[in-house]
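Text of input-v2.tsv, listed as TSV, C-alpha atoms:
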chain	number	residue	atom	x	y	z
A	21	MET	CA	5.51	70.80	-7.56
A	22	ALA	CA	8.04	72.68	-5.45
A	23	THR	CA	8.86	69.51	-3.50
A	24	ALA	CA	9.41	67.49	-6.67
A	25	SER	CA	11.63	70.18	-8.13
A	26	THR	CA	13.71	70.32	-4.97
A	27	ALA	CA	14.05	66.53	-4.94
A	28	LYS	CA	15.30	66.55	-8.51
A	29	LYS	CA	17.89	69.25	-7.88
A	30	ALA	CA	19.16	67.91	-4.55
A	31	PRO	CA	21.54	65.22	-5.87
A	32	LYS	CA	23.08	67.70	-8.32
A	33	ALA	CA	24.19	69.92	-5.41
A	34	GLU	CA	26.10	67.05	-3.78
A	35	LYS	CA	29.66	67.91	-4.72
A	36	ALA	CA	32.60	66.33	-2.95
A	37	HIS	CA	35.15	68.39	-1.04
A	38	VAL	CA	38.22	67.45	0.98
A	39	PHE	CA	37.93	68.15	4.72
A	40	THR	CA	40.73	67.99	7.30
A	41	TRP	CA	39.68	66.98	10.80
A	42	GLU	CA	40.98	66.42	14.32
A	43	GLY	CA	39.22	64.30	16.89
A	44	ALA	CA	39.46	61.94	19.83
A	45	ASP	CA	38.88	58.19	19.70
A	46	LYS	CA	37.14	56.05	22.37
A	47	HIS	CA	40.28	56.08	24.53
A	48	GLY	CA	40.66	59.86	24.35
A	49	LYS	CA	43.65	59.68	22.00
A	50	ARG	CA	43.81	62.63	19.60
A	51	ILE	CA	43.88	61.66	15.91
A	52	LYS	CA	43.58	63.57	12.66
A	53	GLY	CA	43.05	62.88	8.98
A	54	GLU	CA	41.35	63.84	5.72
A	55	THR	CA	37.92	62.86	4.37
A	56	ARG	CA	36.12	63.50	1.09
A	57	ALA	CA	32.43	64.33	1.58
A	58	ALA	CA	29.63	66.55	0.30
A	59	SER	CA	29.36	68.69	3.43
A	60	LEU	CA	30.88	69.39	6.84
A	61	ALA	CA	27.82	67.87	8.57
A	62	LEU	CA	28.32	64.57	6.71
A	63	VAL	CA	31.97	64.47	7.80
A	64	ARG	CA	30.98	64.93	11.46
A	65	ALA	CA	28.26	62.27	11.18
A	66	ASP	CA	30.66	59.83	9.51
A	67	LEU	CA	33.33	60.36	12.19
A	68	ARG	CA	30.79	59.72	14.96
A	69	ARG	CA	29.75	56.49	13.25
A	70	GLN	CA	33.39	55.40	13.47
A	71	GLY	CA	33.52	56.21	17.19
A	72	ILE	CA	35.52	59.41	16.77
A	73	ASN	CA	34.53	62.61	18.54
A	74	PRO	CA	35.16	65.42	15.99
A	75	LEU	CA	36.87	68.39	17.65
A	76	LYS	CA	37.88	70.41	14.59
A	77	VAL	CA	36.66	69.99	11.00
A	78	LYS	CA	37.43	72.40	8.18
A	79	LYS	CA	37.41	72.43	4.42
A	80	LYS	CA	40.85	71.96	2.89
A	81	ALA	CA	42.06	74.87	0.77
A	82	THR	CA	42.07	74.12	-2.96
A	83	ALA	CA	45.43	74.34	-4.74
A	84	LEU	CA	45.83	77.28	-7.12
A	85	PHE	CA	46.84	75.04	-10.03
A	86	SER	CA	44.93	71.81	-9.54
A	87	THR	CA	45.27	69.03	-12.13
A	88	LYS	CA	42.21	66.83	-12.10
A	89	GLN	CA	42.79	63.20	-13.00
A	90	LYS	CA	40.80	61.78	-15.87
A	91	ILE	CA	38.44	58.87	-15.24
A	92	THR	CA	39.46	56.00	-17.52
A	93	ALA	CA	37.60	52.88	-18.65
A	94	GLY	CA	39.99	50.95	-16.41
A	95	ASP	CA	38.74	52.91	-13.39
A	96	ILE	CA	35.15	51.99	-14.27
A	97	ALA	CA	36.09	48.30	-14.64
A	98	ILE	CA	37.81	48.29	-11.23
A	99	PHE	CA	34.79	50.07	-9.72
A	100	ALA	CA	32.41	47.40	-11.07
A	101	ARG	CA	34.69	44.57	-9.84
A	102	GLN	CA	35.08	46.04	-6.34
A	103	LEU	CA	31.35	46.78	-6.00
A	104	SER	CA	30.54	43.21	-7.08
A	105	THR	CA	33.00	41.76	-4.56
A	106	MET	CA	31.58	43.90	-1.73
A	107	MET	CA	28.00	42.90	-2.52
A	108	GLU	CA	28.90	39.19	-2.77
A	109	ALA	CA	30.44	39.53	0.70
A	110	GLY	CA	27.09	40.80	2.00
A	111	VAL	CA	28.06	44.47	2.36
A	112	PRO	CA	25.02	46.80	1.83
A	113	LEU	CA	25.11	48.80	-1.41
A	114	VAL	CA	25.50	52.27	0.19
A	115	GLN	CA	28.26	51.05	2.50
A	116	ALA	CA	29.96	49.33	-0.45
A	117	PHE	CA	30.00	52.67	-2.29
A	118	ASP	CA	31.57	54.30	0.74
A	119	ILE	CA	34.32	51.66	1.01
A	120	VAL	CA	35.09	51.64	-2.73
A	121	GLY	CA	35.10	55.45	-2.89
A	122	ARG	CA	37.47	55.86	0.07
A	123	GLY	CA	39.86	53.28	-1.32
A	124	HIS	CA	40.18	54.85	-4.78
A	125	ASN	CA	43.34	56.82	-5.60
A	126	ASN	CA	41.72	58.96	-8.29
A	127	PRO	CA	39.99	62.03	-6.72
A	128	SER	CA	37.74	62.43	-9.79
A	129	MET	CA	36.57	58.84	-9.38
A	130	GLN	CA	35.94	59.47	-5.68
A	131	ASP	CA	33.73	62.46	-6.61
A	132	LEU	CA	31.81	60.33	-9.10
A	133	ILE	CA	31.24	57.49	-6.61
A	134	LEU	CA	30.13	59.97	-3.92
A	135	SER	CA	27.63	61.53	-6.32
A	136	ILE	CA	26.16	58.11	-7.18
A	137	LYS	CA	26.09	57.17	-3.49
A	138	ALA	CA	24.11	60.36	-2.70
A	139	ASP	CA	21.52	59.44	-5.35
A	140	VAL	CA	21.22	55.85	-4.11
A	141	GLU	CA	20.86	57.05	-0.49
A	142	GLY	CA	18.04	59.30	-1.68
A	143	GLY	CA	16.12	56.28	-3.01
A	144	THR	CA	17.16	56.38	-6.66
A	145	ALA	CA	17.70	53.02	-8.40
A	146	LEU	CA	21.35	52.29	-9.16
A	147	ALA	CA	20.80	52.09	-12.93
A	148	GLU	CA	19.11	55.49	-12.90
A	149	ALA	CA	21.88	57.00	-10.74
A	150	LEU	CA	24.51	55.67	-13.17
A	151	SER	CA	22.62	56.99	-16.21
A	152	LYS	CA	23.13	60.55	-14.89
A	153	HIS	CA	26.81	60.15	-15.83
A	154	PRO	CA	26.70	59.08	-19.52
A	155	LEU	CA	30.35	59.99	-20.11
A	156	HIS	CA	31.42	57.16	-17.80
A	157	PHE	CA	28.48	54.72	-17.85
A	158	ASP	CA	27.12	53.97	-21.32
A	159	ASP	CA	23.73	52.47	-22.21
A	160	LEU	CA	25.19	48.96	-22.13
A	161	PHE	CA	26.42	49.38	-18.54
A	162	CYS	CA	23.13	50.91	-17.37
A	163	ASN	CA	20.99	48.28	-19.15
A	164	LEU	CA	22.94	45.43	-17.55
A	165	VAL	CA	22.66	47.00	-14.09
A	166	ARG	CA	18.93	47.55	-14.65
A	167	ALA	CA	18.54	43.88	-15.61
A	168	GLY	CA	20.52	42.81	-12.53
A	169	GLU	CA	18.38	44.94	-10.22
A	170	ALA	CA	15.16	43.55	-11.72
A	171	ALA	CA	16.33	39.92	-11.43
A	172	GLY	CA	17.95	40.34	-7.98
A	173	VAL	CA	21.39	39.28	-9.26
A	174	LEU	CA	23.12	42.66	-9.29
A	175	GLU	CA	26.43	41.38	-7.88
A	176	SER	CA	26.63	38.70	-10.59
A	177	LEU	CA	25.89	41.22	-13.35
A	178	LEU	CA	28.49	43.67	-11.99
A	179	ASP	CA	31.05	40.87	-12.14
A	180	LYS	CA	30.10	40.21	-15.80
A	181	ILE	CA	30.36	43.93	-16.56
A	182	ALA	CA	33.84	44.07	-15.00
A	183	SER	CA	35.00	41.06	-17.05
A	184	TYR	CA	33.50	42.56	-20.20
A	185	LYS	CA	35.16	45.94	-19.61
A	186	GLU	CA	38.55	44.35	-18.90
A	187	LYS	CA	38.44	42.24	-22.07
A	188	THR	CA	37.26	45.07	-24.33
A	189	GLU	CA	39.93	47.41	-22.95
A	190	SER	CA	42.55	44.73	-23.51
A	191	LEU	CA	41.37	44.42	-27.11
A	192	LYS	CA	41.52	48.20	-27.63
A	193	GLY	CA	45.03	48.21	-26.20
A	194	LYS	CA	46.16	45.58	-28.72
A	195	ILE	CA	44.76	47.59	-31.65
A	196	LYS	CA	46.41	50.79	-30.40
A	197	LYS	CA	49.67	48.89	-30.04
A	198	ALA	CA	49.40	47.75	-33.66
A	199	LEU	CA	48.83	51.27	-34.99
A	200	PHE	CA	50.90	53.40	-32.60
A	201	TYR	CA	54.38	51.96	-33.21
A	202	PRO	CA	54.60	52.48	-37.01
A	203	ALA	CA	52.85	55.87	-36.79
A	204	ALA	CA	55.25	57.08	-34.08
A	205	VAL	CA	58.35	55.94	-35.98
A	206	ILE	CA	57.23	57.55	-39.25
A	207	ILE	CA	56.37	60.86	-37.50
A	208	VAL	CA	59.81	60.92	-35.83
A	209	ALA	CA	61.45	60.20	-39.22
A	210	LEU	CA	59.54	63.11	-40.81
A	211	LEU	CA	60.55	65.45	-37.96
A	212	VAL	CA	64.22	64.47	-38.30
A	213	THR	CA	63.99	65.02	-42.07
A	214	ALA	CA	62.46	68.47	-41.55
A	215	LEU	CA	65.22	69.43	-39.09
A	216	ILE	CA	67.90	68.32	-41.55
A	217	MET	CA	66.24	70.28	-44.37
A	218	ILE	CA	65.93	73.49	-42.30
A	219	PHE	CA	69.21	73.52	-40.30
A	220	VAL	CA	71.77	71.14	-41.85
A	221	ILE	CA	71.36	71.48	-45.61
A	222	PRO	CA	71.78	75.32	-45.62
A	223	GLN	CA	75.26	74.77	-44.09
A	224	PHE	CA	76.17	72.41	-46.92
A	225	GLU	CA	74.77	74.89	-49.45
A	226	SER	CA	77.09	77.69	-48.23
A	227	LEU	CA	80.00	75.25	-48.44
A	228	PHE	CA	79.13	74.26	-52.04
A	229	SER	CA	78.72	77.88	-53.18
A	230	SER	CA	82.31	78.67	-52.07
A	231	PHE	CA	83.63	75.87	-54.30
A	232	GLY	CA	81.77	77.08	-57.42
A	233	GLY	CA	80.77	74.78	-60.25
A	234	ASP	CA	77.47	73.10	-61.06
A	235	LEU	CA	75.76	70.90	-58.51
A	236	PRO	CA	74.17	67.55	-59.40
A	237	ALA	CA	70.45	67.78	-60.30
A	238	PHE	CA	69.40	65.73	-57.26
A	239	THR	CA	71.36	68.01	-54.93
A	240	LYS	CA	69.85	71.11	-56.58
A	241	MET	CA	66.35	69.73	-56.01
A	242	VAL	CA	67.05	69.03	-52.32
A	243	VAL	CA	68.63	72.48	-51.83
A	244	ALA	CA	65.62	74.14	-53.48
A	245	MET	CA	63.27	72.23	-51.15
A	246	SER	CA	65.44	73.26	-48.18
A	247	GLU	CA	65.31	76.94	-49.20
A	248	TRP	CA	61.52	76.78	-49.53
A	249	MET	CA	61.11	75.09	-46.13
A	250	THR	CA	63.49	77.58	-44.48
A	251	SER	CA	61.55	80.54	-45.90
A	252	TYR	CA	58.01	79.17	-45.60
A	253	TRP	CA	58.19	76.73	-42.67
A	254	TRP	CA	55.35	78.64	-40.99
A	255	LEU	CA	53.15	78.09	-44.06
A	256	LEU	CA	53.92	74.36	-44.06
A	257	LEU	CA	53.28	74.02	-40.33
A	258	GLY	CA	50.08	76.07	-40.53
A	259	GLY	CA	48.89	73.99	-43.49
A	260	ILE	CA	49.41	70.76	-41.56
A	261	PHE	CA	47.53	72.03	-38.48
A	262	LEU	CA	44.73	73.47	-40.62
A	263	SER	CA	44.37	70.20	-42.56
A	264	VAL	CA	44.19	68.20	-39.32
A	265	TYR	CA	41.62	70.61	-37.86
A	266	ILE	CA	39.42	70.55	-41.01
A	267	PHE	CA	39.61	66.75	-41.15
A	268	ALA	CA	38.66	66.40	-37.44
A	269	TYR	CA	35.86	68.98	-37.81
A	270	PHE	CA	34.15	67.25	-40.72
A	271	TYR	CA	34.88	63.76	-39.37
A	272	LYS	CA	32.89	64.53	-36.22
A	273	ARG	CA	29.99	66.13	-38.09
A	274	SER	CA	29.70	64.08	-41.28
A	275	ARG	CA	28.38	60.54	-40.90
A	276	LYS	CA	28.98	59.84	-44.60
A	277	MET	CA	32.64	60.78	-44.22
A	278	ARG	CA	33.02	58.46	-41.20
A	279	GLN	CA	31.35	55.64	-43.12
A	280	ALA	CA	33.65	56.14	-46.12
A	281	ILE	CA	36.81	56.22	-43.99
A	282	ASP	CA	35.69	53.25	-41.88
A	283	ARG	CA	34.82	51.24	-44.99
A	284	SER	CA	38.22	52.06	-46.53
A	285	LEU	CA	40.08	51.07	-43.35
A	286	LEU	CA	38.22	47.74	-43.17
A	287	LYS	CA	39.35	46.98	-46.75
A	288	THR	CA	43.01	47.87	-46.10
A	289	PRO	CA	45.12	44.70	-46.65
A	290	ILE	CA	46.74	44.25	-43.20
A	291	ILE	CA	45.14	46.81	-40.86
A	292	GLY	CA	41.68	45.96	-42.19
A	293	VAL	CA	42.01	42.32	-41.12
A	294	ILE	CA	42.73	43.36	-37.53
A	295	LEU	CA	39.90	45.92	-37.45
A	296	ASN	CA	37.38	43.39	-38.84
A	297	LYS	CA	38.36	40.74	-36.30
A	298	ALA	CA	38.27	43.29	-33.47
A	299	ALA	CA	34.77	44.45	-34.45
A	300	ILE	CA	33.50	40.85	-34.56
A	301	ALA	CA	35.11	40.11	-31.19
A	302	ARG	CA	33.45	43.16	-29.60
A	303	TYR	CA	30.10	42.28	-31.20
A	304	ALA	CA	30.23	38.71	-29.89
A	305	ARG	CA	31.50	39.65	-26.41
A	306	THR	CA	28.90	42.40	-25.90
A	307	LEU	CA	25.97	40.33	-27.19
A	308	ALA	CA	27.04	37.34	-25.07
A	309	THR	CA	27.17	39.51	-21.94
A	310	MET	CA	23.78	41.12	-22.64
A	311	PHE	CA	22.08	37.83	-23.53
A	312	ALA	CA	23.49	36.07	-20.45
A	313	ALA	CA	22.03	38.88	-18.33
A	314	GLY	CA	18.57	38.09	-19.66
A	315	VAL	CA	18.23	41.21	-21.81
A	316	PRO	CA	15.86	40.55	-24.77
A	317	LEU	CA	17.69	40.05	-28.08
A	318	VAL	CA	16.13	43.07	-29.85
A	319	GLU	CA	16.99	45.38	-26.95
A	320	ALA	CA	20.46	43.85	-26.63
A	321	LEU	CA	21.30	44.45	-30.30
A	322	GLU	CA	20.63	48.19	-29.87
A	323	SER	CA	23.34	48.38	-27.19
A	324	VAL	CA	25.66	46.07	-29.14
A	325	ALA	CA	25.58	48.38	-32.19
A	326	GLY	CA	27.37	51.15	-30.31
A	327	ALA	CA	29.96	48.78	-28.84
A	328	THR	CA	31.40	47.38	-32.10
A	329	GLY	CA	33.78	50.32	-32.55
A	330	SER	CA	33.01	50.47	-36.29
A	331	ILE	CA	30.28	52.52	-37.96
A	332	VAL	CA	29.97	49.89	-40.72
A	333	TYR	CA	29.32	47.11	-38.21
A	334	SER	CA	27.12	49.42	-36.11
A	335	ASP	CA	24.84	50.11	-39.08
A	336	ALA	CA	24.76	46.40	-39.90
A	337	VAL	CA	23.74	45.48	-36.33
A	338	MET	CA	20.92	48.06	-36.39
A	339	ARG	CA	19.63	46.51	-39.65
A	340	MET	CA	19.85	43.10	-37.98
A	341	ARG	CA	17.84	44.45	-35.04
A	342	GLU	CA	15.02	45.49	-37.36
A	343	ASP	CA	14.99	42.03	-39.00
A	344	VAL	CA	15.08	40.19	-35.66
A	345	ALA	CA	12.18	42.34	-34.44
A	346	THR	CA	10.08	40.99	-37.37
A	347	GLY	CA	10.79	37.39	-36.35
A	348	GLN	CA	13.90	36.43	-38.37
A	349	SER	CA	16.60	34.33	-36.73
A	350	LEU	CA	19.85	36.01	-35.69
A	351	GLN	CA	22.06	33.76	-37.82
A	352	LEU	CA	19.97	34.52	-40.96
A	353	THR	CA	20.17	38.28	-40.44
A	354	MET	CA	23.95	38.03	-39.85
A	355	LYS	CA	24.34	36.11	-43.12
A	356	GLN	CA	22.49	38.83	-45.04
A	357	GLN	CA	24.96	41.53	-43.90
A	358	GLN	CA	27.93	39.80	-45.61
A	359	LEU	CA	30.28	40.98	-42.88
A	360	PHE	CA	30.53	37.93	-40.64
A	361	PRO	CA	32.64	34.84	-41.48
A	362	HIS	CA	30.88	31.52	-42.13
A	363	MET	CA	32.29	30.06	-38.89
A	364	VAL	CA	30.70	32.83	-36.79
A	365	ILE	CA	27.30	32.37	-38.45
A	366	GLN	CA	27.42	28.60	-37.90
A	367	MET	CA	28.36	29.01	-34.22
A	368	VAL	CA	25.42	31.41	-33.75
A	369	ALA	CA	23.10	28.93	-35.55
A	370	ILE	CA	24.19	26.13	-33.21
A	371	GLY	CA	23.72	28.42	-30.20
A	372	GLU	CA	20.20	29.35	-31.28
A	373	GLU	CA	19.21	25.72	-31.86
A	374	SER	CA	20.71	24.44	-28.59
A	375	GLY	CA	19.60	27.40	-26.44
A	376	SER	CA	23.19	28.28	-25.54
A	377	LEU	CA	23.65	31.41	-27.65
A	378	ASP	CA	25.57	33.31	-24.94
A	379	HIS	CA	28.02	30.40	-24.54
A	380	MET	CA	28.66	30.15	-28.29
A	381	LEU	CA	29.11	33.90	-28.63
A	382	SER	CA	31.64	33.85	-25.77
A	383	LYS	CA	33.58	31.15	-27.65
A	384	VAL	CA	33.50	33.29	-30.80
A	385	ALA	CA	34.74	36.33	-28.83
A	386	ASP	CA	37.59	34.31	-27.25
A	387	PHE	CA	38.65	33.01	-30.67
A	388	PHE	CA	38.68	36.40	-32.39
A	389	GLU	CA	40.38	38.16	-29.47
A	390	GLU	CA	43.19	35.62	-29.77
A	391	GLU	CA	43.23	36.17	-33.55
A	392	VAL	CA	43.63	39.91	-33.01
A	393	ASP	CA	46.51	39.27	-30.59
A	394	ASN	CA	48.28	37.05	-33.15
A	395	ALA	CA	47.59	39.52	-35.98
A	396	VAL	CA	49.09	42.39	-33.96
A	397	ASP	CA	52.28	40.40	-33.34
A	398	ALA	CA	52.48	39.48	-37.04
A	399	LEU	CA	51.86	43.10	-38.06
A	400	SER	CA	54.76	44.33	-35.93
A	401	SER	CA	57.10	41.89	-37.70
A	402	LEU	CA	55.78	42.84	-41.15
A	403	LEU	CA	56.01	46.60	-40.59
A	404	GLU	CA	59.61	46.68	-39.35
A	405	PRO	CA	61.17	46.26	-42.85
A	406	PHE	CA	58.62	48.72	-44.30
A	407	ILE	CA	59.52	51.32	-41.66
A	408	MET	CA	63.24	50.83	-42.30
A	409	VAL	CA	62.69	51.43	-46.03
A	410	ILE	CA	60.86	54.72	-45.30
A	411	ILE	CA	63.53	55.94	-42.87
A	412	GLY	CA	66.30	54.86	-45.25
A	413	THR	CA	64.66	56.64	-48.19
A	414	LEU	CA	64.11	59.89	-46.30
A	415	VAL	CA	67.33	60.24	-44.34
A	416	GLY	CA	69.57	58.25	-46.70
A	417	GLY	CA	68.34	60.25	-49.70
A	418	LEU	CA	69.30	63.52	-48.03
A	419	VAL	CA	72.76	62.21	-47.10
A	420	VAL	CA	73.38	61.05	-50.68
A	421	ALA	CA	72.21	64.43	-52.07
A	422	MET	CA	74.70	66.26	-49.83
A	423	TYR	CA	77.68	64.03	-50.59
A	424	LEU	CA	77.22	63.80	-54.36
A	425	PRO	CA	78.97	67.16	-54.99
A	426	ILE	CA	81.88	66.05	-52.76
A	427	PHE	CA	82.26	62.84	-54.76
A	428	LYS	CA	82.09	64.87	-57.99
A	429	MET	CA	84.86	67.25	-56.84
A	430	ALA	CA	87.00	64.31	-55.69
A	431	SER	CA	86.74	62.69	-59.15
A	432	VAL	CA	87.78	66.00	-60.85
A	433	ILE	CA	90.82	66.35	-58.57

Produce structure tokens that represent the structure in this file.
Amino acid sequence: MATASTAKKAPKAEKAHVFTWEGADKHGKRIKGETRAASLALVRADLRRQGINPLKVKKKATALFSTKQKITAGDIAIFARQLSTMMEAGVPLVQAFDIVGRGHNNPSMQDLILSIKADVEGGTALAEALSKHPLHFDDLFCNLVRAGEAAGVLESLLDKIASYKEKTESLKGKIKKALFYPAAVIIVALLVTALIMIFVIPQFESLFSSFGGDLPAFTKMVVAMSEWMTSYWWLLLGGIFLSVYIFAYFYKRSRKMRQAIDRSLLKTPIIGVILNKAAIARYARTLATMFAAGVPLVEALESVAGATGSIVYSDAVMRMREDVATGQSLQLTMKQQQLFPHMVIQMVAIGEESGSLDHMLSKVADFFEEEVDNAVDALSSLLEPFIMVIIGTLVGGLVVAMYLPIFKMASVI
């Protein structure tokens, strides 16, 4: 029992550190450098393997204010691609981890790779070693690696994973591009409006009060709003932050709320079209990758559900999984959900009949990814006039409100 417990805890203790070293090569020439490793002994052993006699090795002092780089999905995609390339070239898995880890610019990614390498060196299967890091390697990634290990085609599966990750990240980037630009412009317009209301309009108000006379109703309304914002700006700001916090709190904890919001977004005239196409593209791409790897359809659908990026589609895929498990065909279960276009269902039906389901699903994914790209470009063109109207109404309305009294005085004179 004690031995088993020690074996389980050993990989967890393997934490990477930066070591500085000085040594002599085969010709006696003194050289120095830095190495990331779990311990000083491993650094010395690694240097000797390279033909370097270590003379001085010490742990590098940690900076007082260290900023750790975040591991992105792009880093994971590059890792899968590099590991696949190394294995196809005949490099042993542990050595491939060492090469990929040393060549990575992100220290956090180097730590992650070193931790996985330590597990693999200890005899742990790669899929199991990856599953210890669920924040970076999801069930889909681990299931594909497990299938590759079982079939002896790990390098091929890693290449498919890399391609899948690159395409899904590209799709996410397109959706973010579609939503970020209008949101950013509107937020900037609201900030400019708030600054005008708090700092500029009070100056106009003092000018108008020195002239005397009644102000136009529109100007009075704007001045009253300015006075309220100047006096209670902290209440407004606090209310905004509190509303955002409450929304985020309940959004994370309430599945019904997420379903309602997701369903509403999918029905939104322009944005909804993009989100629907993106969800179908992710569904088709993920299922094609899983099926091509030889993962059984029922098991594959469980992983696909979490990859759609939509709780509505995720729930639908889980219902499909239950139906497929009872013997129904995939195309029939898709038809029953009333979420997938007729063309997608027919392509799946042809794939099932011809035994080329993964190929047909890849074609569907390619088509809908291109549709999302075109829809994003069209959305940018459609939103530009809408954004100009909002900015013109906000800023232009304030300008008109401030100049109306001046026009009124000019007409009296």

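Atom CA of A:Ala320 to atom CA of A:Glu141 spans 29.3 Å [interatomic distance, one decimal].
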
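Candidate residues A:Ile96, A:Ile133, A:Leu321, A:Leu418 were compared for distance to A:Gln115, and the nearest is A:Ile133, using only C-alpha atoms.
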
Find the residues around A:Ala65 up to 10 Å (all atoms listed in the file counted), leave out those fewer than 6 positions away in its own chain, and share them as a PyMOL selection string.
chain A and resi 72-74

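Each of A:Val243, A:Ile98, A:Leu255, A:Leu160 was checked against A:Thr306 using all atoms listed in the file; the smallest atom-to-atom distance is that of A:Leu160.
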
Would you pick out the contacts of A:Ala97 at 9 Å or less, using all atoms listed in the file, so that residues sharing its chain but fewer than 5 positions from it are not included, and give the list as a VMD selection string?
chain A and resid 92 102 181 to 186

Interatomic distance (Å, one decimal) between atom CA of A:Ser226 and atom CA of A:Leu211
23.0 Å

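One distance worth recording is that between atom CA of A:Leu381 and atom CA of A:Thr346, which is 22.1 Å.
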
Contacts of A:Val205 within 10 Å, all atoms listed in the file, excl. fewer than 6 positions in-chain, as an MDAnalysis selection string:
chainID A and resid 211 404 407:408 410:411

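Distances here use all atoms listed in the file; by that measure, the residue among A:Ala312, A:Ala149, A:Ile218, A:Val165 closest to A:Tyr252 is A:Ile218.
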
Shortest interatomic distance to A:Ser104 - which of A:Arg64, A:Arg69, A:Lys180, A:Arg283, counting only C-alpha atoms
A:Lys180
